[in-house]
>>> print(open('start-v8.txt').read())   # compact mmCIF, C-alpha atoms
# COMPACT_ATOMS: atom_id res chain seq x y z
CA MET C 1 132.94 -78.16 68.88
CA ALA C 2 134.02 -77.74 65.28
CA ILE C 3 133.99 -81.51 64.80
CA ASP C 4 130.49 -81.80 66.27
CA ALA C 5 129.24 -79.00 64.03
CA ALA C 6 130.76 -80.83 61.05
CA LEU C 7 128.98 -84.04 62.09
CA LEU C 8 125.70 -82.12 62.09
CA THR C 9 126.40 -81.10 58.50
CA ALA C 10 127.34 -84.66 57.53
CA ALA C 11 124.13 -85.99 59.09
CA ARG C 12 122.12 -84.13 56.46
CA ASN C 13 123.31 -86.78 54.00
CA GLY C 14 121.71 -89.65 55.91
CA ARG C 15 124.55 -90.73 58.20
CA ALA C 16 124.30 -90.91 61.99
CA PHE C 17 127.14 -90.47 64.48
CA LEU C 18 127.88 -91.11 68.14
CA ARG C 19 130.96 -89.33 69.46
CA LEU C 20 132.30 -89.68 73.03
CA TYR C 21 135.08 -87.50 74.37
CA ARG C 22 136.61 -85.65 77.31
CA TRP C 23 138.22 -82.23 77.62
CA SER C 24 141.90 -81.38 78.09
CA PRO C 25 142.43 -78.91 79.59
CA PRO C 26 139.12 -78.49 81.45
CA CYS C 27 136.85 -75.95 79.81
CA LEU C 28 133.79 -73.80 80.44
CA SER C 29 131.34 -74.08 77.55
CA PHE C 30 128.50 -71.64 76.88
CA GLY C 31 125.27 -72.44 75.09
CA ARG C 32 124.90 -71.12 71.56
CA ASN C 33 122.51 -68.34 72.59
CA GLU C 34 123.69 -67.73 76.15
CA ALA C 35 124.47 -64.13 77.14
CA ALA C 36 127.97 -64.96 78.38
CA LEU C 37 129.21 -61.34 78.43
CA ARG C 38 126.38 -60.33 80.74
CA ARG C 39 126.26 -63.46 82.84
CA TYR C 40 129.90 -64.47 83.36
CA ASP C 41 132.95 -62.55 84.60
CA ARG C 42 135.42 -62.75 81.74
CA ALA C 43 138.21 -61.16 83.76
CA ALA C 44 137.79 -63.69 86.59
CA ILE C 45 137.74 -66.53 84.07
CA GLU C 46 140.96 -65.29 82.48
CA ARG C 47 142.65 -64.78 85.88
CA ARG C 48 141.93 -68.41 86.71
CA GLY C 49 143.26 -69.49 83.32
CA CYS C 50 140.03 -71.27 82.42
CA ASP C 51 139.51 -72.18 78.78
CA THR C 52 136.16 -71.18 77.26
CA VAL C 53 134.21 -72.14 74.15
CA ARG C 54 130.71 -71.59 72.80
CA ARG C 55 128.83 -74.71 71.77
CA PRO C 56 126.86 -75.09 68.54
CA THR C 57 123.99 -76.39 70.68
CA GLY C 58 121.86 -74.39 73.10
CA GLY C 59 121.45 -74.53 76.86
CA ARG C 60 123.50 -73.01 79.65
CA ALA C 61 127.10 -73.13 80.86
CA VAL C 62 128.82 -76.42 81.73
CA TRP C 63 132.21 -76.91 83.37
CA HIS C 64 133.84 -79.85 81.56
CA GLU C 65 136.12 -81.68 83.97
CA HIS C 66 135.91 -85.29 85.16
CA GLU C 67 132.98 -86.04 82.89
CA LEU C 68 132.06 -87.72 79.62
CA THR C 69 130.65 -85.63 76.82
CA TYR C 70 128.54 -87.33 74.19
CA ALA C 71 127.46 -85.98 70.82
CA VAL C 72 124.78 -87.59 68.65
CA ALA C 73 124.30 -86.29 65.11
CA ALA C 74 121.64 -87.84 62.90
CA PRO C 75 118.98 -87.06 60.32
CA VAL C 76 115.83 -85.76 62.01
CA ASP C 77 113.72 -88.51 60.45
CA HIS C 78 115.87 -91.14 62.19
CA LEU C 79 114.96 -89.91 65.68
CA GLY C 80 111.74 -87.94 65.26
CA ALA C 81 110.41 -84.76 66.83
CA LEU C 82 112.38 -82.83 69.44
CA ARG C 83 110.96 -84.52 72.54
CA GLU C 84 110.97 -87.95 70.92
CA ALA C 85 114.61 -87.65 69.89
CA TYR C 86 115.55 -86.30 73.33
CA ALA C 87 113.89 -89.29 75.00
CA THR C 88 115.39 -91.80 72.58
CA ILE C 89 118.94 -90.56 73.09
CA HIS C 90 118.50 -90.37 76.84
CA ALA C 91 117.18 -93.94 76.86
CA VAL C 92 120.54 -95.09 75.49
CA ILE C 93 122.42 -93.15 78.18
CA ALA C 94 120.05 -94.50 80.85
CA ASP C 95 120.71 -98.08 79.67
CA ALA C 96 124.45 -97.47 79.92
CA LEU C 97 124.17 -96.04 83.43
CA ALA C 98 121.94 -98.92 84.52
CA HIS C 99 124.66 -101.31 83.37
CA LEU C 100 127.01 -99.49 85.75
CA GLY C 101 124.49 -99.86 88.58
CA VAL C 102 122.87 -96.41 88.45
CA GLU C 103 119.11 -96.17 87.98
CA THR C 104 118.06 -92.83 86.53
CA ARG C 105 114.74 -91.29 85.57
CA PRO C 106 113.83 -88.50 83.17
CA ALA C 107 113.19 -85.21 84.92
CA GLY C 108 109.64 -83.93 84.67
CA ALA C 109 108.90 -80.71 82.85
CA PRO C 110 109.33 -77.74 85.24
CA ALA C 111 106.44 -75.35 85.85
CA ARG C 112 108.61 -72.70 84.19
CA VAL C 113 111.48 -73.50 81.83
CA PRO C 114 114.67 -71.91 83.22
CA GLY C 115 115.89 -68.99 81.16
CA LEU C 116 119.43 -68.66 79.87
CA GLY C 117 120.21 -66.34 82.79
CA ALA C 118 118.94 -68.74 85.46
CA GLY C 119 122.29 -70.19 86.37
CA ALA C 120 124.48 -72.93 84.92
CA CYS C 121 123.23 -76.07 83.17
CA PHE C 122 123.45 -78.21 86.30
CA SER C 123 121.65 -75.69 88.49
CA THR C 124 118.29 -77.14 87.51
CA PRO C 125 117.10 -80.05 85.36
CA VAL C 126 114.75 -79.51 82.46
CA GLY C 127 112.20 -81.98 81.18
CA GLY C 128 113.73 -85.25 79.96
CA GLU C 129 117.22 -84.83 81.42
CA LEU C 130 118.43 -87.75 83.55
CA VAL C 131 118.31 -87.36 87.31
CA VAL C 132 118.91 -89.49 90.40
CA PRO C 133 117.76 -88.78 93.97
CA GLN C 134 120.99 -86.85 94.59
CA GLY C 135 120.38 -84.47 91.67
CA LYS C 136 120.93 -84.01 87.96
CA LEU C 137 123.38 -86.51 86.49
CA VAL C 138 123.15 -85.81 82.74
CA GLY C 139 122.66 -82.39 81.16
CA SER C 140 121.84 -82.16 77.46
CA ALA C 141 121.01 -79.68 74.70
CA GLN C 142 119.97 -80.10 71.08
CA ARG C 143 120.18 -78.15 67.81
CA ARG C 144 118.31 -78.83 64.56
CA GLU C 145 119.42 -77.56 61.20
CA GLY C 146 118.83 -78.57 57.59
CA GLY C 147 116.96 -81.78 58.38
CA ALA C 148 119.55 -83.00 60.90
CA LEU C 149 120.05 -82.75 64.65
CA LEU C 150 122.98 -82.53 67.03
CA GLN C 151 122.54 -83.35 70.70
CA HIS C 152 125.27 -82.73 73.26
CA GLY C 153 125.25 -84.11 76.77
CA SER C 154 127.52 -84.26 79.79
CA VAL C 155 127.66 -87.23 82.20
CA LEU C 156 129.40 -86.24 85.44
CA LEU C 157 132.03 -88.64 86.79
CA THR C 158 132.69 -86.34 89.76
CA ASN C 159 130.99 -83.05 90.56
CA THR C 160 132.91 -79.81 90.04
CA GLN C 161 129.99 -77.76 88.69
CA ASN C 162 129.95 -75.30 91.60
CA LEU C 163 133.00 -73.65 90.05
CA VAL C 164 130.61 -71.95 87.61
CA ALA C 165 129.09 -69.95 90.48
CA HIS C 166 132.50 -68.39 91.20
CA LEU C 167 132.70 -67.18 87.61
CA THR C 168 129.24 -65.62 87.53
CA ARG C 169 128.53 -61.90 87.67
CA GLY C 170 126.17 -60.71 90.40
CA PRO C 171 123.94 -63.22 92.17
CA PRO C 172 125.14 -66.69 91.20
CA GLY C 173 121.64 -68.11 90.77
CA PRO C 174 120.56 -71.47 92.20
CA ALA C 175 123.25 -73.69 93.69
CA ALA C 176 124.17 -76.58 91.43
CA GLN C 177 121.79 -79.52 91.86
CA ALA C 178 124.33 -81.80 90.24
CA ALA C 179 125.04 -85.42 91.03
CA SER C 180 127.95 -87.49 89.81
CA LEU C 181 128.53 -91.19 89.29
CA ALA C 182 131.04 -91.10 92.15
CA ASP C 183 128.32 -89.63 94.42
CA VAL C 184 125.87 -92.37 93.51
CA LEU C 185 128.18 -95.37 93.40
CA GLY C 186 130.55 -94.35 96.19
CA ARG C 187 133.59 -95.11 94.05
CA SER C 188 135.63 -93.61 91.26
CA VAL C 189 134.26 -94.25 87.80
CA THR C 190 136.52 -93.95 84.77
CA PHE C 191 135.79 -92.35 81.43
CA ASP C 192 136.44 -95.67 79.69
CA GLU C 193 133.88 -97.51 81.87
CA VAL C 194 131.17 -95.06 80.90
CA ALA C 195 132.22 -94.86 77.25
CA ASP C 196 132.18 -98.65 76.86
CA ALA C 197 128.75 -98.83 78.48
CA VAL C 198 127.34 -96.10 76.21
CA VAL C 199 128.70 -97.78 73.07
CA ALA C 200 127.22 -101.14 74.10
CA ALA C 201 123.85 -99.55 74.88
CA ALA C 202 123.82 -97.66 71.57
CA ARG C 203 124.62 -100.79 69.58
CA ALA C 204 121.83 -102.65 71.38
CA ARG C 205 119.17 -99.99 70.76
CA TRP C 206 120.24 -98.72 67.34
CA SER C 207 120.57 -101.44 64.73
CA GLY C 208 122.57 -101.01 61.58
CA SER C 209 126.16 -101.15 60.46
CA TRP C 210 128.58 -99.53 62.91
CA THR C 211 132.07 -98.37 61.99
CA GLU C 212 134.72 -96.60 64.06
CA GLU C 213 136.32 -93.46 62.65
CA GLU C 214 138.80 -90.86 63.83
CA SER C 215 136.97 -87.71 64.87
CA SER C 216 139.71 -85.58 63.37
CA THR C 217 138.57 -86.75 59.93
CA TYR C 218 135.68 -84.32 60.31
CA LEU C 219 137.65 -81.32 61.56
CA PRO C 220 137.09 -78.52 59.03
CA GLU C 221 140.01 -76.45 57.82
CA THR C 222 138.38 -73.25 59.03
CA HIS C 223 135.83 -72.73 61.78
CA THR C 224 134.72 -70.15 64.32
CA PHE C 225 134.94 -72.12 67.56
CA GLY C 226 138.53 -71.26 68.41
CA HIS C 227 137.97 -67.53 68.17
CA THR C 228 137.17 -65.33 71.16
CA ALA C 229 134.91 -63.23 68.92
CA TRP C 230 132.61 -66.26 68.62
CA THR C 231 132.94 -67.35 72.25
CA TRP C 232 132.22 -63.88 73.64
CA ARG C 233 129.92 -62.67 70.85
CA ARG C 234 127.13 -61.92 73.32
>>> encode(input="start-v8.txt", output="structure tokens")
Amino acid sequence: MAIDAALLTAARNGRAFLRLYRWSPPCLSFGRNEAALRRYDRAAIERRGCDTVRRPTGGRAVWHEHELTYAVAAPVDHLGALREAYATIHAVIADALAHLGVETRPAGAPARVPGLGAGACFSTPVGGELVVPQGKLVGSAQRREGGALLQHGSVLLTNTQNLVAHLTRGPPGPAAQAASLADVLGRSVTFDEVADAVVAAARARWSGSWTEEESSTYLPETHTFGHTAWTWRR
């Protein structure tokens, strides 16, 4: 998360970034403004030994296991207004998934946008997120700051999102309407397959000079994301 936040800062200077990664160990991430203390059972999370972190982007909780996380950081004027940028980034992910044999569509705008207490990210799609007949396949959230944007998204390889319900205080909210690539394709799909497809789709849609860099180059010396005071600040 600290690297992604640093990429958002770097994007203010005109550069754009695509970062693809996975989580080890698996981790529960909260949205920047999510009321984690009220919504999730910290004691149960700690008993299970689950790692937690709070994202710099918004949205609701995601369990990161057997999935690909993408981060796009870019100047706002490269990708346009919020909905336009959301659609443009999702078009790249949709192209990549189509290459793997999965046809997705953007979810329509719900009659009422789910609140931060309405269950985990994959409980319900919001407008523009990528869905298949089996459910929501890609969950995303965006943050804008200082003329730049950062968008996070999770592409499920297999579906383990129902774990979030076991970590929720009180009524768990809607059951996860998640779908995974394994559900759709009927086979195991590797991280590298999806990552290669996303890179190819991004290069095809976004012209310009591409270079590969080590993400650790952008890791700041000090940051808040490893501290429980930040993770459980609300």
>>> closest_residue(input="start-v8.txt", among="C:Arg144, C:Lys136, C:His90, C:His152", to="Tyr21 of chain C", atoms="all atoms listed in the file")
C:His152
>>> residues_near_point(input="start-v8.txt", point="(125.4, -70.8, 80.5)", cutoff="6 Å", atoms="all atoms listed in the file", output="list in words")
Phe30, Gly31, Glu34, Arg60, Ala61 and Ala120 of chain C
>>> closest_residue(input="start-v8.txt", among="C:His66, C:Arg12, C:Arg169, C:Arg83", to="Leu149 of chain C", atoms="only C-alpha atoms")
C:Arg12
>>> atom_distance(input="start-v8.txt", atom1="atom CA of Pro56 of chain C", atom2="atom CA of Ala5 of chain C")
6.4 Å
>>> closest_atom_pairs(input="start-v8.txt", of="segment 23-82 of chain C", to="segment 204-221 of chain C", cutoff="12 Å", atoms="only C-alpha atoms", output="JSON lines")
{"residue": "C:Ala71", "atom": "CA", "partner": "C:Ser215", "partner_atom": "CA", "distance": 11.4}
{"residue": "C:Ala74", "atom": "CA", "partner": "C:Trp206", "partner_atom": "CA", "distance": 11.8}
{"residue": "C:His78", "atom": "CA", "partner": "C:Trp206", "partner_atom": "CA", "distance": 10.2}
{"residue": "C:Leu79", "atom": "CA", "partner": "C:Trp206", "partner_atom": "CA", "distance": 10.4}
>>> closest_residue(input="start-v8.txt", among="C:Cys121, C:Ala179, C:Ala109, C:Ala35", to="Val62 of chain C", atoms="only C-alpha atoms")
C:Cys121
>>> build_atoms(input="start-v8.txt", residues="segment 67-102 of chain C", atoms="N, CA and C atoms", output="PDB file, keeping the file's coordinate frame")
ATOM      1  N   GLU C  67     134.277 -85.685  83.428  1.00  0.00           N
ATOM      2  CA  GLU C  67     132.980 -86.040  82.890  1.00  0.00           C
ATOM      3  C   GLU C  67     133.167 -86.657  81.510  1.00  0.00           C
ATOM      4  N   LEU C  68     132.091 -87.223  80.992  1.00  0.00           N
ATOM      5  CA  LEU C  68     132.060 -87.720  79.620  1.00  0.00           C
ATOM      6  C   LEU C  68     131.088 -86.847  78.849  1.00  0.00           C
ATOM      7  N   THR C  69     131.536 -86.355  77.710  1.00  0.00           N
ATOM      8  CA  THR C  69     130.650 -85.630  76.820  1.00  0.00           C
ATOM      9  C   THR C  69     130.255 -86.549  75.675  1.00  0.00           C
ATOM     10  N   TYR C  70     128.979 -86.586  75.371  1.00  0.00           N
ATOM     11  CA  TYR C  70     128.540 -87.330  74.190  1.00  0.00           C
ATOM     12  C   TYR C  70     127.983 -86.353  73.165  1.00  0.00           C
ATOM     13  N   ALA C  71     128.083 -86.723  71.909  1.00  0.00           N
ATOM     14  CA  ALA C  71     127.460 -85.980  70.820  1.00  0.00           C
ATOM     15  C   ALA C  71     126.789 -86.996  69.900  1.00  0.00           C
ATOM     16  N   VAL C  72     125.522 -86.781  69.617  1.00  0.00           N
ATOM     17  CA  VAL C  72     124.780 -87.590  68.650  1.00  0.00           C
ATOM     18  C   VAL C  72     124.365 -86.671  67.517  1.00  0.00           C
ATOM     19  N   ALA C  73     124.731 -87.024  66.300  1.00  0.00           N
ATOM     20  CA  ALA C  73     124.300 -86.290  65.110  1.00  0.00           C
ATOM     21  C   ALA C  73     123.606 -87.284  64.195  1.00  0.00           C
ATOM     22  N   ALA C  74     122.431 -86.914  63.705  1.00  0.00           N
ATOM     23  CA  ALA C  74     121.640 -87.840  62.900  1.00  0.00           C
ATOM     24  C   ALA C  74     120.607 -87.076  62.092  1.00  0.00           C
ATOM     25  N   PRO C  75     120.106 -87.679  61.012  1.00  0.00           N
ATOM     26  CA  PRO C  75     118.980 -87.060  60.320  1.00  0.00           C
ATOM     27  C   PRO C  75     117.768 -86.993  61.250  1.00  0.00           C
ATOM     28  N   VAL C  76     117.005 -85.928  61.155  1.00  0.00           N
ATOM     29  CA  VAL C  76     115.830 -85.760  62.010  1.00  0.00           C
ATOM     30  C   VAL C  76     114.871 -86.925  61.856  1.00  0.00           C
ATOM     31  N   ASP C  77     114.700 -87.438  60.633  1.00  0.00           N
ATOM     32  CA  ASP C  77     113.720 -88.510  60.450  1.00  0.00           C
ATOM     33  C   ASP C  77     114.159 -89.830  61.048  1.00  0.00           C
ATOM     34  N   HIS C  78     115.423 -89.947  61.470  1.00  0.00           N
ATOM     35  CA  HIS C  78     115.870 -91.140  62.190  1.00  0.00           C
ATOM     36  C   HIS C  78     115.349 -91.164  63.629  1.00  0.00           C
ATOM     37  N   LEU C  79     115.252 -89.981  64.243  1.00  0.00           N
ATOM     38  CA  LEU C  79     114.960 -89.910  65.680  1.00  0.00           C
ATOM     39  C   LEU C  79     113.671 -89.174  66.007  1.00  0.00           C
ATOM     40  N   GLY C  80     113.063 -88.523  65.041  1.00  0.00           N
ATOM     41  CA  GLY C  80     111.740 -87.940  65.260  1.00  0.00           C
ATOM     42  C   GLY C  80     111.761 -86.525  65.793  1.00  0.00           C
ATOM     43  N   ALA C  81     110.601 -86.114  66.308  1.00  0.00           N
ATOM     44  CA  ALA C  81     110.410 -84.760  66.830  1.00  0.00           C
ATOM     45  C   ALA C  81     111.330 -84.511  68.017  1.00  0.00           C
ATOM     46  N   LEU C  82     111.420 -83.242  68.422  1.00  0.00           N
ATOM     47  CA  LEU C  82     112.380 -82.830  69.440  1.00  0.00           C
ATOM     48  C   LEU C  82     112.290 -83.686  70.704  1.00  0.00           C
ATOM     49  N   ARG C  83     111.103 -83.768  71.288  1.00  0.00           N
ATOM     50  CA  ARG C  83     110.960 -84.520  72.540  1.00  0.00           C
ATOM     51  C   ARG C  83     111.211 -86.006  72.340  1.00  0.00           C
ATOM     52  N   GLU C  84     110.762 -86.529  71.206  1.00  0.00           N
ATOM     53  CA  GLU C  84     110.970 -87.950  70.920  1.00  0.00           C
ATOM     54  C   GLU C  84     112.452 -88.265  70.802  1.00  0.00           C
ATOM     55  N   ALA C  85     113.174 -87.425  70.057  1.00  0.00           N
ATOM     56  CA  ALA C  85     114.610 -87.650  69.890  1.00  0.00           C
ATOM     57  C   ALA C  85     115.337 -87.509  71.230  1.00  0.00           C
ATOM     58  N   TYR C  86     114.952 -86.514  72.010  1.00  0.00           N
ATOM     59  CA  TYR C  86     115.550 -86.300  73.330  1.00  0.00           C
ATOM     60  C   TYR C  86     115.388 -87.553  74.191  1.00  0.00           C
ATOM     61  N   ALA C  87     114.172 -88.102  74.195  1.00  0.00           N
ATOM     62  CA  ALA C  87     113.890 -89.290  75.000  1.00  0.00           C
ATOM     63  C   ALA C  87     114.638 -90.507  74.480  1.00  0.00           C
ATOM     64  N   THR C  88     114.718 -90.641  73.167  1.00  0.00           N
ATOM     65  CA  THR C  88     115.390 -91.800  72.580  1.00  0.00           C
ATOM     66  C   THR C  88     116.879 -91.803  72.907  1.00  0.00           C
ATOM     67  N   ILE C  89     117.511 -90.651  72.772  1.00  0.00           N
ATOM     68  CA  ILE C  89     118.940 -90.560  73.090  1.00  0.00           C
ATOM     69  C   ILE C  89     119.180 -90.772  74.575  1.00  0.00           C
ATOM     70  N   HIS C  90     118.346 -90.185  75.402  1.00  0.00           N
ATOM     71  CA  HIS C  90     118.500 -90.370  76.840  1.00  0.00           C
ATOM     72  C   HIS C  90     118.251 -91.808  77.270  1.00  0.00           C
ATOM     73  N   ALA C  91     117.410 -92.535  76.533  1.00  0.00           N
ATOM     74  CA  ALA C  91     117.180 -93.940  76.860  1.00  0.00           C
ATOM     75  C   ALA C  91     118.468 -94.748  76.691  1.00  0.00           C
ATOM     76  N   VAL C  92     119.253 -94.421  75.685  1.00  0.00           N
ATOM     77  CA  VAL C  92     120.540 -95.090  75.490  1.00  0.00           C
ATOM     78  C   VAL C  92     121.471 -94.784  76.666  1.00  0.00           C
ATOM     79  N   ILE C  93     121.558 -93.518  77.051  1.00  0.00           N
ATOM     80  CA  ILE C  93     122.420 -93.150  78.180  1.00  0.00           C
ATOM     81  C   ILE C  93     121.929 -93.806  79.465  1.00  0.00           C
ATOM     82  N   ALA C  94     120.610 -93.852  79.653  1.00  0.00           N
ATOM     83  CA  ALA C  94     120.050 -94.500  80.850  1.00  0.00           C
ATOM     84  C   ALA C  94     120.395 -95.981  80.887  1.00  0.00           C
ATOM     85  N   ASP C  95     120.325 -96.660  79.743  1.00  0.00           N
ATOM     86  CA  ASP C  95     120.710 -98.080  79.670  1.00  0.00           C
ATOM     87  C   ASP C  95     122.165 -98.256  80.085  1.00  0.00           C
ATOM     88  N   ALA C  96     123.024 -97.377  79.591  1.00  0.00           N
ATOM     89  CA  ALA C  96     124.450 -97.470  79.920  1.00  0.00           C
ATOM     90  C   ALA C  96     124.681 -97.283  81.411  1.00  0.00           C
ATOM     91  N   LEU C  97     124.006 -96.303  81.993  1.00  0.00           N
ATOM     92  CA  LEU C  97     124.170 -96.040  83.430  1.00  0.00           C
ATOM     93  C   LEU C  97     123.600 -97.184  84.261  1.00  0.00           C
ATOM     94  N   ALA C  98     122.505 -97.773  83.804  1.00  0.00           N
ATOM     95  CA  ALA C  98     121.940 -98.920  84.520  1.00  0.00           C
ATOM     96  C   ALA C  98     122.927-100.090  84.527  1.00  0.00           C
ATOM     97  N   HIS C  99     123.647-100.260  83.431  1.00  0.00           N
ATOM     98  CA  HIS C  99     124.660-101.310  83.370  1.00  0.00           C
ATOM     99  C   HIS C  99     125.749-101.083  84.427  1.00  0.00           C
ATOM    100  N   LEU C 100     126.010 -99.817  84.732  1.00  0.00           N
ATOM    101  CA  LEU C 100     127.010 -99.490  85.750  1.00  0.00           C
ATOM    102  C   LEU C 100     126.435 -99.539  87.167  1.00  0.00           C
ATOM    103  N   GLY C 101     125.129 -99.766  87.274  1.00  0.00           N
ATOM    104  CA  GLY C 101     124.490 -99.860  88.580  1.00  0.00           C
ATOM    105  C   GLY C 101     123.794 -98.598  89.036  1.00  0.00           C
ATOM    106  N   VAL C 102     123.516 -97.676  88.096  1.00  0.00           N
ATOM    107  CA  VAL C 102     122.870 -96.410  88.450  1.00  0.00           C
ATOM    108  C   VAL C 102     121.518 -96.343  87.755  1.00  0.00           C
TER     109      VAL C 102
END
